[in-house]
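Before any comments, here is the structure.
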Amino acid sequence: MYCLCGAFHVTRKTALKKLHSIKISNRFFSIGTSWSAKTIHNKRKHQASNSDVAIYIHWPYCRKKCNYCNFNKYVVQEINHDAIVSSILREWSTLKRVSPQDENLETSMQTTLLKPSSIFFGGGTPSLMRPHDVERIIREISGNDEFEVTLEANPADIIGTGQDFKNAGVNRLSLGIQSFDDDNLRFFNRDHNAEQSRMSLESCLKVFGKRLSIDLIFGIPKKTTEDWIKDLEIAINYGVEHISAYQLTVERGTALFKEVSKNAVVLPGEETMADMYLSGYELLKKNDFKRYEISNFAKKNNVSLHNLSYWRGYQYLGLGPGAHSRVGIWSSREARINCPEPRKWISQVTRTGHGVSFRKRLNQLDVLGELIATGLRKSDGLAREDWDCATNKKILFCEFVEFLTKSNELSDLTPTFSRQITIGKENMSGFLWTKDKIWLEEASLNVADQKTVELYIMLKLFLNSC
């Protein structure tokens with residue numbers, strides 16, 4: 001095992017710009033099934049072939065717009081459920097047969113079909129869907145295969161309907177609690193209150209048990225670390241076994257962005273944000289939650305297998321308005337984005353069989369840059385098997401590890417190399433590796449995004465040397 005120490009001062013601005021352009025934006029079955037996450041995990045421990053793909057389905061409609069949300073969502077008076085569901089299934093029928101090498105998505109006649117490894121209904125607010133539509137989509141996409149099917153839900157919608165969605169084939173629920181405090185929920189412009197947060201949590205625990213995840217947000221204006229800890233303690237006391245803890249961020253185009261720009265709202269400072277995160281992490285750790293990704297904590301390996309597909313660099317296919325995809329392996333890896341506006345997306349699917357409006361072939365740096373950006377967010381880091389899968393073993397993980405080792409050993413001794421990367425022990429400490437993985441020490445994982453830039457620069461130098 002090796003530890004890399006040093007600070008890189010070349011092309012840092014370029015690296016940041018490049019990495020910030022990376023979008024893993026889709027959030028990362030038998031009816032009435034009751035098998036555990038461990039059972040699913042054993043059945044599909046890894047995407048086993050180049051045809052395996054995680055399926056993300058985007059339902060774009062909401063009752064209200066939260067002040068912080070910049071996802072592709074629409075508030076409308078009426079939803080044409082039949083049209084959008086039929087279009088999702090037609091898009092699946094088209095894209096499951098298309099490889100990234102095909103110039104024309106409409107006329108492809110590929111015989112190798114994509115094989116789903118998980119389904120995730122995101123949004124928007126997919127708990128506004130009709131359960132029988134969810135059942136139809138799951139049945140037509142999954143066939144007879146058993147795997148993880150997750151539905152995102154808002155508390156106000158899911159009270160009393162959880163069992164209907166489980167009967168439809170959903171075996172994991174992601175509940176957008178966000179807070180148990182009415183002041184916070186009003187600030188977010190959420191469509192539920194604190195009582196509904198508790199009621200939905202109680203009812204969904206009865207239906208989904210260990211396969212229930214909740215979202216909570218910290219870093220709320222005028223709130224303290226103690227307030228944040230109180231929200232976490234409520235969730236822990238209910239017996240939740242998966243918690244996603246997200247820092248409130250200001251995204252361009254949101255109501256919150258406008259308020260912050262006018263100084264009408266002031267977010268907590270950097271030190272306070274860090275204190276909130278670390279205090280929450282310590283509390284969750286004390287209560288037997290494992291941080292398996294920088295924002296995600298689980299007990300007893302009740303992890304999100306679908307999101308792990310994103311973080312491990314696997315293929316994923318987005319269906320629905322504005323959905324993103326990454327399909328293909330190595331030299332055939334392709335990024336796709338669907339038309340965002342629902343009516344235009346439906347019209348395009350009707351004409352062509354799919355709603356893809358943007359396609360880009362990714363180069364080696366794109367593919368491995370994304371893998372580093374997501375892999376370093378995991379507590380177990382970037383694995384050799386994921387690197388070798390992403391590169392189709394054209395560039396071996398062991399070669400990159402050897403490059404890191406040699407760079408670390410020679411950087412202080414070789415003037416030419418030192419001119420390329422300036423070493424200083426204060427900024428790039430915390431990287432560890434073996435022949436099987438690269439990961440961050442526990443403290444460095446707290447600043448994974450910063451560390452990603454540092455390893456990205458090493459990756460760029462490595463690829464230039466190949």
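All residue names refer to the structure tokens as shown: chains lettered A, B, ... in order, residues numbered from 1 in each chain, ligands numbered from 1 in order.
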
Exercise for the section: Write out as a ChimeraX atom specification the residues lying within 12 Å of Ile236 (chain A), counting only C-alpha atoms and excluding same-chain residues fewer than 3 positions away. Expected result: /A:201,213-214,216,229-233,239-243,280,283-289,297-299

Would you put the residues from that selection into a file with N, CA and C atoms, as an mmCIF file, in the first residue's frame?
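The file below, again-v4.cif, is the result:
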data_model
loop_
_atom_site.group_PDB
_atom_site.id
_atom_site.type_symbol
_atom_site.label_atom_id
_atom_site.label_comp_id
_atom_site.auth_asym_id
_atom_site.auth_seq_id
_atom_site.Cartn_x
_atom_site.Cartn_y
_atom_site.Cartn_z
ATOM 1 N N LEU A 201 -43.009 8.353 7.099
ATOM 2 C CA LEU A 201 -41.904 7.494 7.511
ATOM 3 C C LEU A 201 -42.430 6.260 8.238
ATOM 4 N N SER A 213 -35.052 4.283 2.195
ATOM 5 C CA SER A 213 -34.030 5.314 2.359
ATOM 6 C C SER A 213 -34.716 6.660 2.519
ATOM 7 N N ILE A 214 -34.112 7.559 3.298
ATOM 8 C CA ILE A 214 -34.663 8.915 3.388
ATOM 9 C C ILE A 214 -33.585 9.944 3.056
ATOM 10 N N LEU A 216 -32.219 13.803 3.782
ATOM 11 C CA LEU A 216 -32.232 14.923 4.720
ATOM 12 C C LEU A 216 -31.237 15.974 4.237
ATOM 13 N N ILE A 229 -28.581 17.912 13.923
ATOM 14 C CA ILE A 229 -28.450 16.658 14.665
ATOM 15 C C ILE A 229 -29.822 16.163 15.126
ATOM 16 N N LYS A 230 -30.695 17.089 15.468
ATOM 17 C CA LYS A 230 -32.047 16.708 15.903
ATOM 18 C C LYS A 230 -32.789 15.973 14.789
ATOM 19 N N ASP A 231 -32.674 16.468 13.544
ATOM 20 C CA ASP A 231 -33.301 15.777 12.407
ATOM 21 C C ASP A 231 -32.749 14.364 12.246
ATOM 22 N N LEU A 232 -31.433 14.233 12.337
ATOM 23 C CA LEU A 232 -30.817 12.910 12.208
ATOM 24 C C LEU A 232 -31.258 11.973 13.323
ATOM 25 N N GLU A 233 -31.328 12.476 14.533
ATOM 26 C CA GLU A 233 -31.725 11.638 15.669
ATOM 27 C C GLU A 233 -33.143 11.117 15.510
ATOM 28 N N GLY A 239 -35.613 3.941 13.243
ATOM 29 C CA GLY A 239 -35.073 2.670 12.763
ATOM 30 C C GLY A 239 -34.743 2.647 11.280
ATOM 31 N N VAL A 240 -34.607 3.817 10.660
ATOM 32 C CA VAL A 240 -34.214 3.876 9.250
ATOM 33 C C VAL A 240 -32.813 3.286 9.084
ATOM 34 N N GLU A 241 -32.583 2.564 7.981
ATOM 35 C CA GLU A 241 -31.283 1.932 7.765
ATOM 36 C C GLU A 241 -30.517 2.494 6.575
ATOM 37 N N HIS A 242 -31.059 3.505 5.913
ATOM 38 C CA HIS A 242 -30.309 4.201 4.865
ATOM 39 C C HIS A 242 -30.686 5.674 4.898
ATOM 40 N N ILE A 243 -29.670 6.533 5.003
ATOM 41 C CA ILE A 243 -29.880 7.975 5.040
ATOM 42 C C ILE A 243 -28.954 8.640 4.036
ATOM 43 N N GLY A 280 -22.746 15.212 11.940
ATOM 44 C CA GLY A 280 -23.698 14.212 11.468
ATOM 45 C C GLY A 280 -23.028 12.879 11.178
ATOM 46 N N LEU A 283 -22.295 11.073 14.435
ATOM 47 C CA LEU A 283 -23.523 10.522 15.022
ATOM 48 C C LEU A 283 -23.952 9.249 14.294
ATOM 49 N N LEU A 284 -23.932 9.288 12.969
ATOM 50 C CA LEU A 284 -24.337 8.122 12.194
ATOM 51 C C LEU A 284 -23.375 6.955 12.408
ATOM 52 N N LYS A 285 -22.091 7.255 12.448
ATOM 53 C CA LYS A 285 -21.086 6.220 12.699
ATOM 54 C C LYS A 285 -21.309 5.573 14.065
ATOM 55 N N LYS A 286 -21.604 6.389 15.065
ATOM 56 C CA LYS A 286 -21.861 5.895 16.421
ATOM 57 C C LYS A 286 -23.068 4.964 16.453
ATOM 58 N N ASN A 287 -23.998 5.181 15.516
ATOM 59 C CA ASN A 287 -25.215 4.363 15.462
ATOM 60 C C ASN A 287 -25.144 3.284 14.378
ATOM 61 N N ASP A 288 -23.915 2.866 14.060
ATOM 62 C CA ASP A 288 -23.664 1.708 13.189
ATOM 63 C C ASP A 288 -24.010 1.929 11.722
ATOM 64 N N PHE A 289 -24.053 3.192 11.294
ATOM 65 C CA PHE A 289 -24.180 3.468 9.872
ATOM 66 C C PHE A 289 -22.787 3.528 9.251
ATOM 67 N N PHE A 297 -25.254 6.860 3.764
ATOM 68 C CA PHE A 297 -24.940 6.083 4.957
ATOM 69 C C PHE A 297 -25.931 4.932 5.071
ATOM 70 N N ALA A 298 -25.409 3.744 5.330
ATOM 71 C CA ALA A 298 -26.281 2.571 5.376
ATOM 72 C C ALA A 298 -25.890 1.644 6.516
ATOM 73 N N LYS A 299 -26.883 0.953 7.056
ATOM 74 C CA LYS A 299 -26.657 -0.116 8.026
ATOM 75 C C LYS A 299 -26.719 -1.455 7.307
#

Exercise for the section: Apply DSSP to the structure's backbone, then extract all residues of region 74-273 of chain A labelled alpha helix (DSSP H) and return them as a VMD selection string. Expected result: chain A and resid 81 to 95 131 to 142 155 to 158 162 to 168 182 to 188 194 to 208 225 to 238 255 to 261 270 to 273

Exercise for the section: Enumerate as a ChimeraX atom specification all residues of region 104-342 of chain A assigned to strand (DSSP E) by DSSP on the backbone, naming them with the chain letters and numbers the document uses. Expected result: /A:115-123,148-153,172-178,212-218,242-247,290-293,296-298,316-319,324-327,334-338

Practice task
Find the distance between CA of Gln196 (chain A) and CA of Thr225 (chain A) and write it in Å to one decimal.
Solution key: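 Value for the CA of Gln196 (chain A)-CA of Thr225 (chain A) distance: 23.4 Å.
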
Practice task
Mind checking which residues fall within 10 Å of Val447 (chain A), counting only C-alpha atoms, ignoring those fewer than 4 positions away in the same chain, and posting them as number ranges by chain?
Solution key: A: 274, 294, 377, 440, 442-443, 451-452

Expected file contents, prior selection, N, CA, C and O atoms, as an mmCIF file, in the first residue's frame:
data_model
loop_
_atom_site.group_PDB
_atom_site.id
_atom_site.type_symbol
_atom_site.label_atom_id
_atom_site.label_comp_id
_atom_site.auth_asym_id
_atom_site.auth_seq_id
_atom_site.Cartn_x
_atom_site.Cartn_y
_atom_site.Cartn_z
ATOM 1 N N ALA A 274 -19.026 22.560 7.471
ATOM 2 C CA ALA A 274 -18.137 21.439 7.775
ATOM 3 C C ALA A 274 -18.463 20.823 9.122
ATOM 4 O O ALA A 274 -18.468 19.596 9.280
ATOM 5 N N ILE A 294 -19.840 9.592 0.015
ATOM 6 C CA ILE A 294 -19.672 10.782 0.843
ATOM 7 C C ILE A 294 -20.987 11.307 1.427
ATOM 8 O O ILE A 294 -21.015 11.847 2.530
ATOM 9 N N ARG A 377 -15.619 9.222 -4.423
ATOM 10 C CA ARG A 377 -16.663 9.579 -3.472
ATOM 11 C C ARG A 377 -17.060 8.383 -2.597
ATOM 12 O O ARG A 377 -17.698 8.553 -1.567
ATOM 13 N N LEU A 440 -9.344 7.135 -0.553
ATOM 14 C CA LEU A 440 -8.970 8.266 0.286
ATOM 15 C C LEU A 440 -9.033 7.884 1.753
ATOM 16 O O LEU A 440 -9.929 7.133 2.171
ATOM 17 N N GLU A 442 -9.909 8.494 5.629
ATOM 18 C CA GLU A 442 -11.211 8.921 6.139
ATOM 19 C C GLU A 442 -11.366 10.440 6.136
ATOM 20 O O GLU A 442 -12.383 10.971 5.688
ATOM 21 N N ALA A 443 -10.369 11.163 6.609
ATOM 22 C CA ALA A 443 -10.468 12.626 6.671
ATOM 23 C C ALA A 443 -10.510 13.237 5.274
ATOM 24 O O ALA A 443 -11.218 14.217 5.031
ATOM 25 N N LYS A 451 -10.039 16.474 -3.827
ATOM 26 C CA LYS A 451 -9.060 15.424 -4.083
ATOM 27 C C LYS A 451 -9.199 14.846 -5.490
ATOM 28 O O LYS A 451 -8.225 14.403 -6.105
ATOM 29 N N THR A 452 -10.434 14.856 -6.001
ATOM 30 C CA THR A 452 -10.669 14.362 -7.353
ATOM 31 C C THR A 452 -9.856 15.156 -8.368
ATOM 32 O O THR A 452 -9.268 14.586 -9.299
#
